[in-house]
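Student: Submitted below is the structure of interest, expressed as structure tokens.
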Amino acid sequence: MKLNWTDYLEQHKHWKWLYTPFTEDTDTVGERAVNSILNALIMISVIVVMTLVLVLLYKYRCYKVIHGWLIISSLLLLFFFSFIYLGEVFKTYNVAMDYFTLALVIWNFGVVGMVCIHWKGPLRLQQAYLIMISALMALVFIKYLPEWTAWLILAVISVYDLVAVLCPKGPLRILVETAQERNEPIFPALIYSSTMVWLVNMADSDPEARPDPPKDSGLPPPGLTLNETYADPGSTQADDGGFTQEWTNSRNATLGPMESTQESRAAVQALPGPPAAVEDAEERGVKLGLGDFIFYSVLVGKASAAASGDWNTTLACFVAILIGLCLTLLLLAIFKKALPALPISITFGLVFYFATDNLVRPFMDQLALYQFYI
Amino acid sequence: MSAAVFFGCTFIAFGPAFGLLLFTVAGDPLRVIILVAGSFFWLVSLLFSSLLWFVAVQLGNKANAGVQHGLLMMGAGASVLLQEAFRFAYYKLLKKADQGLAAMSEDGRSPISIGQMAYVSGLAFGVASGAFSVINVLSDSLGPGVVGIHGDSPYFFLTSAFLTMAVVLLHTSWGVVFFDACEKRRWLSLMMVIVTHLLTSGLTFLNPRYEWSLPLIYGLTIATGGWAFLTAGGSVRNVWRCVTCSRLTPTFWSIQLCSHQLRIDGQSQHSQPLGSDLLAFSPLPPPPPPPHTHTHTHTHTGHWCPAPRRTRGEHKDSDCNYLLHVSDWVFVVKQTAEGPR
């Protein structure tokens with residue numbers, strides 16, 4: 001379904017977007033290169049400006065404005081964009097649908113999404129919704145960004161991410177530090193969390209004999225995982241329940257327009273939990289910003305759309321991004337501070353995309369032609 | 001063509017792999033990471049081998065089909081050798097990671113054994129190899145068309161799917177055997193793995209003469225699977241026990257703290273039996289040598305004696321009891337069916 005959708009988008013390239021006014025249907029390669037560089041610069045400057053606006057709003061405690069912004073953007077995504085997407089899916093598969101059914105479906109989908117993301121909901125459902133809105137956002141990018149512009153934007157935004165999170169004057173670093181000073185979660189939105197409470201020591205031993213949480217002992221938490229683990233209620237202290245609920249409330253996520261993706265990427269590290277009763281059961285789950293999801297999806301989506309209809313390239317990019325994420329998590333375990341999640345994954349993804357498209361694809365095509373297996 | 005062929009071939013090709021993944025890998029995050037990293041290593045090996053092939057093709061005679069065919073075969077052979085080289089590199093990486101995991105855990109043992117890592121890495125290589133080989137074919141099978149309209153074999157999709165399944169299973173077995181050979185420094189086994197891989201790839205050169213390639217490759221798959229099973233510690237006896245669901249499988253020893261023997265003024269008294277902390281651990285040779293305990297106290301050497309005949313505890317199905325006296329403590333050592341939790 002996704003591949004058909006991206007084919008459809010490629011066919012409608014003539015649609016223009018306000019953020020990328022320079023066309024790539026030029027006569028010479030040089031012109032195309034220049035246009036794509038200009039497009040990328042425009043997009044990046046929009047993103048940078050919006051990030052700065054957001055950081056300033058946060059610094060001067062204009063929480064209402066930020067919340068309103070996030071709610072409006074998630075409403076837009078959950079209702080309007082999904083309506084458009086469903087419309088295109090029905091057109092592609094020639095499915096007859098009436099407006100009443102569609103309205104009912106979209107209404108339910110949207111409302112449950114808003115509740116899950118901004119308020120409370122089962123963890124899996126919340127994660128599913130976050131993934132769905134990231135995918136929708138990525139589809140918007142894939143649809144409207146011309147090819148060279150997309151690759152350039154991906155490259156530049158990983159550099160920007162690196163700079164913004166690690167440099168002392170970077171906006172995202174300022175955001176993270178301000179949030180830590182005020183001892184509050186970075187944002188009640190925009191973050192994908194992999195778990196509720198994840199204890200370091202899941203072995204079946206006495207709670208008294210359990211060693212200190214790694215933060216105190218300096219050892220990295222063993223095995224930062226990509227999967228979720230639930231805290232077994234039987235093995236935790238009784239007051240973990242309250243901590244978990246509280247933490248769930250703070251873990252809503254939505255998605256603004258591309259500007260809001262930046263601060264989400266800053267929240268990779270587990271945030272400082274509320275103090276007092278529950279030092280044992282600190283949250284150890286991995287948090288990933290939704291912006292990272294979006295750009296990973298853009299990479300894989302562009303790879304599947306632009307790579308001569310080849311699945312090998314898509315698979316290769318997928319594996320490369322996963323490995324980049326593994327490495328980032330490893331670095332997170334070592335350094336224990338907010339890290340940019342984009343650079344390593346996007347670099348691997350881009351390298352593997354171009355290498356697979358140009359080198360591996362002809363080789364595998366020839367092998368498949370003669371039915372040779374390696 | 002179309003949906004029936006697509007789904008059929010997908011399930012043939014990836015059914016066993018999917019089952020193996022679902023039941024053995026998906027639940028454990030560490031294994032998932034090893035799986036993904038394994039696929040990455042295979043992918044890098046593929047990248048290098050396609051680079052090699054690409055360079056050779058550019059340098060060679062593009063017009064001559066025979067030369068191109070030969071270059072393709074050479075490319076395939078080089079790819080096999082590179083895959084095995086990267087398997088070795090992955091083995092080295094996993095050994096290092098194993099040491100790191102052991103250092104980080106509380107009891108000094110890694111949460112995953114090298115055998116399990118061998119299996120998961122073999123599966124990773126298999127899944128990656130199968131996916132890259134067959135996924136374009138599968139996506140083409142969704143569309144309209146007639147297979148073999150120009151005189152080629154009409155069984156193209158079906159045989160591709162079966163070959164992929166064989167390749168997945170073969171890689172899994174090769175992974176197990178390879179790692180074991182590296183662990184025990186059995187270079188002959190290592191060479192056999194490489195030779196069988198080359199042989200498998202070579203047999204696919206016989207396509208589309210499927211009556212030759214398919215049975216031979218499946219014979220090789222079954223043989224390699226059996227070899228891997230034996231390498232991993234399996235035996236006919238184990239299979240028989242598994243099939244008959246025998247409960248008397250005394251593969252584990254459990255040690256149970258039963259009582260504390262006090263010495264007061266030269267008289268020995270037995271206090272109340274303490275709660276049993278059932279510490280179970282991996283298979284051990286029968287006594288004597290005293291087994292490892294998982295406590296952090298220093299080990300005392302004790303002495304063994306058979307327990308009194310009366311039935312003890314709730315493990316009615318155990319068939320062997322010993323008493324182990326270690327200083328003031330008395331342990332009851334039993335063979336149980338349950339393994340470590």
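Ordering of the structure tokens sets the chain letters (A, B, ...), residue numbers begin anew at 1 in every chain, and ligands are numbered from 1 in the order given.
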Extract, using only C-alpha atoms, all DNA, RNA and protein residues at most 12 Å from stretch 29-33 of chain B, discarding same-chain residues fewer than 4 positions from it, and format them as number ranges by chain.
Tutor: A: 222-229, 319, 322-327, 329-330; B: 21-25, 37-40, 94, 97-98, 101, 110-124
Student: Quick one: which chain A residues come within 8 Å of chain B, and what is the nearest atom pair for each with the distance in Å to one decimal, counting only C-alpha atoms, rows ordered by chain and ascending number, as a tab-separated table?
Tutor:
residue	atom	partner	partner_atom	distance
A:Leu219	CA	B:Met104	CA	7.5
A:Pro222	CA	B:Met104	CA	6.6
A:Gly223	CA	B:Leu30	CA	6.9
A:Thr225	CA	B:Pro29	CA	5.7
A:Leu226	CA	B:Pro29	CA	6.6
A:Asn227	CA	B:Pro29	CA	5.7
A:Asp310	CA	B:Asn136	CA	6.7
A:Trp311	CA	B:Asn136	CA	6.0
A:Asn312	CA	B:Phe132	CA	5.8
A:Leu315	CA	B:Phe132	CA	7.9
A:Ala316	CA	B:Leu43	CA	7.2
A:Val319	CA	B:Phe40	CA	6.2
A:Ala320	CA	B:Phe40	CA	6.9
A:Leu322	CA	B:Val36	CA	7.3
A:Ile323	CA	B:Ala37	CA	6.5
A:Cys326	CA	B:Ile33	CA	7.6
A:Ala355	CA	B:Leu47	CA	7.3
A:Thr356	CA	B:Leu47	CA	7.1
A:Leu359	CA	B:Ser50	CA	5.7
A:Val360	CA	B:Ser50	CA	5.3
A:Phe363	CA	B:Ser50	CA	5.8
A:Met364	CA	B:Ser133	CA	6.9
A:Gln366	CA	B:Leu72	CA	7.7
A:Leu367	CA	B:Leu72	CA	7.4
A:Ala368	CA	B:Ser133	CA	6.9
A:Tyr370	CA	B:Asn207	CA	7.3
A:Gln371	CA	B:Asn207	CA	6.4
A:Phe372	CA	B:Thr204	CA	5.2
A:Tyr373	CA	B:Ser201	CA	5.6
A:Ile374	CA	B:Ser201	CA	5.4
Student: By how many Å are atom CA of B:Asp152 and atom CA of B:Lys62 apart?
Tutor: 24.0 Å
Student: Would you please give, as a ChimeraX atom specification, all residues of stretch 92-278 of chain B that DSSP assigns to strand (DSSP E) based on the backbone?
Tutor: /B:252-264,267-270
Student: Hey, can you spit out that residue selection with C-alpha atoms as a compact mmCIF listing (two decimals), in the first residue's frame?
Tutor:
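This is the output file result26.txt:
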# COMPACT_ATOMS: atom_id res chain seq x y z
CA PHE B 252 19.52 -30.07 35.76
CA TRP B 253 20.80 -30.25 39.27
CA SER B 254 19.14 -28.18 41.90
CA ILE B 255 20.56 -27.37 45.24
CA GLN B 256 18.25 -26.66 48.11
CA LEU B 257 19.11 -25.27 51.48
CA CYS B 258 17.41 -27.62 53.81
CA SER B 259 18.54 -27.07 57.27
CA HIS B 260 21.09 -25.36 59.33
CA GLN B 261 23.09 -27.64 61.50
CA LEU B 262 24.23 -25.89 64.65
CA ARG B 263 27.02 -26.96 66.89
CA ILE B 264 26.47 -25.87 70.44
CA GLN B 267 26.29 -31.26 70.50
CA SER B 268 24.87 -30.88 67.10
CA GLN B 269 21.33 -29.80 66.74
CA HIS B 270 19.23 -29.23 63.73
Student: Rounded to one decimal, what separation in Å do you get between atom CA of B:Leu220 and atom CA of B:Val177?
Tutor: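 Distance reported for this atom pair: 14.1 Å.
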Student: Tell me, as a short mmCIF file (atom, residue, chain, number, x, y, z; two decimals) with all heavy atoms, in the first residue's frame, which residues lie within 12 Å of A:Ser82, counting only C-alpha atoms; anything in the same chain fewer than 2 positions away does not count.
Tutor:
data_model
loop_
_atom_site.label_atom_id
_atom_site.label_comp_id
_atom_site.auth_asym_id
_atom_site.auth_seq_id
_atom_site.Cartn_x
_atom_site.Cartn_y
_atom_site.Cartn_z
N SER A 74 -1.73 18.64 16.07
CA SER A 74 -2.12 17.23 16.12
C SER A 74 -3.54 17.04 15.59
O SER A 74 -3.85 16.03 14.95
CB SER A 74 -1.99 16.65 17.52
OG SER A 74 -2.73 17.38 18.43
N LEU A 75 -4.41 18.04 15.81
CA LEU A 75 -5.74 17.98 15.21
C LEU A 75 -5.64 17.92 13.69
O LEU A 75 -6.28 17.10 13.03
CB LEU A 75 -6.54 19.23 15.59
CG LEU A 75 -7.36 19.17 16.86
CD1 LEU A 75 -7.97 20.53 17.14
CD2 LEU A 75 -8.45 18.15 16.73
N LEU A 76 -4.79 18.81 13.16
CA LEU A 76 -4.60 18.85 11.71
C LEU A 76 -4.16 17.50 11.17
O LEU A 76 -4.70 16.97 10.20
CB LEU A 76 -3.54 19.91 11.41
CG LEU A 76 -3.46 20.46 10.00
CD1 LEU A 76 -4.68 21.30 9.71
CD2 LEU A 76 -2.21 21.31 9.86
N LEU A 77 -3.16 16.93 11.84
CA LEU A 77 -2.64 15.65 11.37
C LEU A 77 -3.66 14.54 11.50
O LEU A 77 -3.85 13.75 10.59
CB LEU A 77 -1.40 15.27 12.19
CG LEU A 77 -0.09 15.71 11.61
CD1 LEU A 77 1.00 15.40 12.60
CD2 LEU A 77 0.19 14.98 10.32
N LEU A 78 -4.30 14.45 12.66
CA LEU A 78 -5.15 13.30 12.90
C LEU A 78 -6.43 13.35 12.08
O LEU A 78 -6.96 12.31 11.70
CB LEU A 78 -5.51 13.22 14.39
CG LEU A 78 -4.43 12.63 15.26
CD1 LEU A 78 -4.78 12.82 16.71
CD2 LEU A 78 -4.26 11.16 14.95
N PHE A 79 -6.93 14.52 11.80
CA PHE A 79 -8.19 14.58 11.06
C PHE A 79 -7.96 14.86 9.59
O PHE A 79 -8.30 14.07 8.72
CB PHE A 79 -9.11 15.65 11.67
CG PHE A 79 -9.67 15.25 12.99
CD1 PHE A 79 -9.06 15.64 14.18
CD2 PHE A 79 -10.80 14.48 13.07
CE1 PHE A 79 -9.57 15.26 15.40
CE2 PHE A 79 -11.33 14.09 14.29
CZ PHE A 79 -10.71 14.48 15.45
N PHE A 80 -7.35 16.01 9.32
CA PHE A 80 -7.28 16.46 7.94
C PHE A 80 -6.36 15.60 7.09
O PHE A 80 -6.74 15.13 6.02
CB PHE A 80 -6.82 17.93 7.95
CG PHE A 80 -6.85 18.58 6.61
CD1 PHE A 80 -8.02 18.58 5.86
CD2 PHE A 80 -5.73 19.18 6.08
CE1 PHE A 80 -8.06 19.17 4.63
CE2 PHE A 80 -5.76 19.78 4.84
CZ PHE A 80 -6.93 19.77 4.11
N ILE A 84 -7.24 13.08 3.90
CA ILE A 84 -6.68 13.17 2.55
C ILE A 84 -6.05 11.83 2.15
O ILE A 84 -6.23 11.33 1.04
CB ILE A 84 -5.63 14.28 2.48
CG1 ILE A 84 -6.30 15.63 2.68
CG2 ILE A 84 -4.90 14.26 1.17
CD1 ILE A 84 -5.34 16.79 2.61
N TYR A 85 -5.31 11.26 3.11
CA TYR A 85 -4.64 9.99 2.81
C TYR A 85 -5.65 8.91 2.47
O TYR A 85 -5.51 8.18 1.49
CB TYR A 85 -3.78 9.57 4.01
CG TYR A 85 -3.16 8.23 3.88
CD1 TYR A 85 -2.13 7.99 2.99
CD2 TYR A 85 -3.60 7.16 4.66
CE1 TYR A 85 -1.56 6.75 2.87
CE2 TYR A 85 -3.03 5.92 4.54
CZ TYR A 85 -2.01 5.73 3.64
OH TYR A 85 -1.45 4.49 3.52
N LEU A 86 -6.70 8.82 3.29
CA LEU A 86 -7.72 7.80 3.02
C LEU A 86 -8.36 8.03 1.66
O LEU A 86 -8.61 7.08 0.92
CB LEU A 86 -8.80 7.84 4.11
CG LEU A 86 -8.56 6.93 5.29
CD1 LEU A 86 -9.74 7.01 6.24
CD2 LEU A 86 -8.38 5.50 4.84
N GLY A 87 -8.59 9.30 1.34
CA GLY A 87 -9.17 9.62 0.05
C GLY A 87 -8.32 9.08 -1.10
O GLY A 87 -8.82 8.47 -2.04
N GLU A 88 -7.00 9.32 -0.98
CA GLU A 88 -6.12 8.86 -2.05
C GLU A 88 -6.05 7.34 -2.11
O GLU A 88 -5.98 6.75 -3.19
CB GLU A 88 -4.72 9.43 -1.87
CG GLU A 88 -4.67 10.95 -1.88
CD GLU A 88 -5.21 11.55 -3.15
OE1 GLU A 88 -5.28 10.83 -4.17
OE2 GLU A 88 -5.60 12.72 -3.14
N VAL A 89 -6.09 6.69 -0.94
CA VAL A 89 -6.06 5.22 -0.92
C VAL A 89 -7.30 4.67 -1.61
O VAL A 89 -7.21 3.75 -2.44
CB VAL A 89 -5.98 4.70 0.53
CG1 VAL A 89 -6.27 3.23 0.59
CG2 VAL A 89 -4.61 4.97 1.10
N LEU A 102 -17.21 7.52 6.09
CA LEU A 102 -15.89 8.12 6.19
C LEU A 102 -15.82 9.08 7.37
O LEU A 102 -14.87 9.07 8.14
CB LEU A 102 -15.57 8.87 4.89
CG LEU A 102 -14.15 9.36 4.76
CD1 LEU A 102 -13.20 8.20 4.68
CD2 LEU A 102 -14.01 10.22 3.51
N ALA A 103 -16.89 9.88 7.53
CA ALA A 103 -16.90 10.83 8.64
C ALA A 103 -16.84 10.10 9.97
O ALA A 103 -16.11 10.49 10.88
CB ALA A 103 -18.17 11.70 8.57
N VAL A 105 -15.60 7.12 10.59
CA VAL A 105 -14.28 6.50 10.78
C VAL A 105 -13.25 7.55 11.18
O VAL A 105 -12.50 7.39 12.15
CB VAL A 105 -13.84 5.78 9.49
CG1 VAL A 105 -12.38 5.42 9.53
CG2 VAL A 105 -14.68 4.54 9.28
N ILE A 106 -13.24 8.66 10.42
CA ILE A 106 -12.24 9.70 10.71
C ILE A 106 -12.47 10.30 12.09
O ILE A 106 -11.53 10.55 12.84
CB ILE A 106 -12.29 10.80 9.63
CG1 ILE A 106 -11.96 10.25 8.27
CG2 ILE A 106 -11.36 11.94 9.98
CD1 ILE A 106 -10.50 10.07 8.02
N TRP A 107 -13.74 10.48 12.42
CA TRP A 107 -14.03 11.07 13.73
C TRP A 107 -13.50 10.18 14.85
O TRP A 107 -12.83 10.65 15.77
CB TRP A 107 -15.54 11.28 13.86
CG TRP A 107 -15.94 11.73 15.22
CD1 TRP A 107 -16.57 10.99 16.17
CD2 TRP A 107 -15.72 13.01 15.80
NE1 TRP A 107 -16.76 11.73 17.31
CE2 TRP A 107 -16.25 12.98 17.10
CE3 TRP A 107 -15.12 14.19 15.34
CZ2 TRP A 107 -16.21 14.08 17.95
CZ3 TRP A 107 -15.08 15.27 16.20
CH2 TRP A 107 -15.62 15.21 17.49
N ASN A 108 -13.80 8.89 14.76
CA ASN A 108 -13.34 7.98 15.81
C ASN A 108 -11.83 7.92 15.88
O ASN A 108 -11.23 7.99 16.95
CB ASN A 108 -13.91 6.57 15.55
CG ASN A 108 -15.32 6.46 16.05
OD1 ASN A 108 -15.55 6.60 17.24
ND2 ASN A 108 -16.25 6.21 15.15
N PHE A 109 -11.23 7.78 14.70
CA PHE A 109 -9.77 7.71 14.65
C PHE A 109 -9.15 8.95 15.29
O PHE A 109 -8.26 8.86 16.14
CB PHE A 109 -9.36 7.58 13.19
CG PHE A 109 -7.89 7.56 12.95
CD1 PHE A 109 -7.14 6.44 13.22
CD2 PHE A 109 -7.23 8.67 12.46
CE1 PHE A 109 -5.79 6.42 13.00
CE2 PHE A 109 -5.87 8.67 12.23
CZ PHE A 109 -5.15 7.54 12.50
N GLY A 110 -9.67 10.11 14.90
CA GLY A 110 -9.07 11.36 15.36
C GLY A 110 -9.25 11.57 16.86
O GLY A 110 -8.31 11.92 17.57
N GLY A 113 -7.21 9.26 18.89
CA GLY A 113 -5.83 9.70 18.77
C GLY A 113 -5.52 10.87 19.68
O GLY A 113 -4.51 10.89 20.40
N TYR A 129 -0.40 5.35 17.54
CA TYR A 129 -0.82 6.65 17.01
C TYR A 129 0.37 7.53 16.68
O TYR A 129 0.38 8.23 15.66
CB TYR A 129 -1.74 7.36 18.00
CG TYR A 129 -3.18 7.08 17.74
CD1 TYR A 129 -3.91 6.20 18.53
CD2 TYR A 129 -3.83 7.67 16.67
CE1 TYR A 129 -5.23 5.93 18.26
CE2 TYR A 129 -5.14 7.40 16.39
CZ TYR A 129 -5.84 6.54 17.19
OH TYR A 129 -7.15 6.27 16.92
N MET A 132 1.71 6.38 13.50
CA MET A 132 0.86 6.73 12.37
C MET A 132 1.00 8.19 12.00
O MET A 132 1.06 8.53 10.81
CB MET A 132 -0.61 6.41 12.70
CG MET A 132 -0.93 4.95 12.50
SD MET A 132 -2.67 4.59 12.56
CE MET A 132 -2.89 4.29 14.29
N ILE A 133 1.03 9.09 12.99
CA ILE A 133 1.14 10.49 12.60
C ILE A 133 2.53 10.81 12.08
O ILE A 133 2.68 11.66 11.19
CB ILE A 133 0.72 11.46 13.72
CG1 ILE A 133 1.54 11.28 14.96
CG2 ILE A 133 -0.73 11.32 14.03
CD1 ILE A 133 1.14 12.29 16.01
N SER A 134 3.56 10.12 12.58
CA SER A 134 4.88 10.32 11.99
C SER A 134 4.88 9.89 10.53
O SER A 134 5.45 10.57 9.67
CB SER A 134 5.93 9.52 12.74
OG SER A 134 5.90 9.80 14.09
N ALA A 135 4.23 8.75 10.27
CA ALA A 135 4.19 8.27 8.89
C ALA A 135 3.43 9.24 8.00
O ALA A 135 3.84 9.52 6.86
CB ALA A 135 3.55 6.89 8.84
N LEU A 136 2.32 9.79 8.50
CA LEU A 136 1.55 10.75 7.71
C LEU A 136 2.38 11.98 7.39
O LEU A 136 2.40 12.48 6.26
CB LEU A 136 0.30 11.18 8.48
CG LEU A 136 -0.89 10.23 8.39
CD1 LEU A 136 -1.99 10.70 9.30
CD2 LEU A 136 -1.39 10.17 6.97
N MET A 137 3.09 12.46 8.40
CA MET A 137 3.93 13.63 8.20
C MET A 137 5.02 13.34 7.18
O MET A 137 5.32 14.16 6.31
CB MET A 137 4.54 14.02 9.55
CG MET A 137 5.14 15.37 9.59
SD MET A 137 3.89 16.62 9.44
CE MET A 137 4.81 17.88 8.66
N LEU A 139 4.88 11.17 4.83
CA LEU A 139 4.28 11.09 3.50
C LEU A 139 4.11 12.48 2.89
O LEU A 139 4.31 12.67 1.69
CB LEU A 139 2.92 10.38 3.56
CG LEU A 139 3.00 8.87 3.60
CD1 LEU A 139 1.63 8.28 3.83
CD2 LEU A 139 3.57 8.35 2.30
N VAL A 140 3.76 13.44 3.74
CA VAL A 140 3.65 14.82 3.24
C VAL A 140 4.99 15.28 2.70
O VAL A 140 5.08 15.84 1.60
CB VAL A 140 3.17 15.74 4.38
CG1 VAL A 140 3.30 17.19 3.97
CG2 VAL A 140 1.75 15.43 4.75
#
Student: Kindly give the distance, in Å, that separates atom CA of A:Leu162 and atom CA of A:Arg182, rounded to a single decimal.
Tutor: 24.1 Å
Student: Which residue, B:Leu199, B:Ile34, B:Cys9, B:Leu323, has the smallest gap to B:Met165 when you use only C-alpha atoms?
Tutor: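 Result for the nearest residue to B:Met165: B:Cys9.
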Student: Using only C-alpha atoms, find the one residue out of A:Val156, A:Cys317, A:Asp161, A:Phe83 that sits nearest to A:Leu104.
Tutor: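 Once distances to A:Leu104 are computed over only C-alpha atoms, the minimum belongs to A:Phe83.
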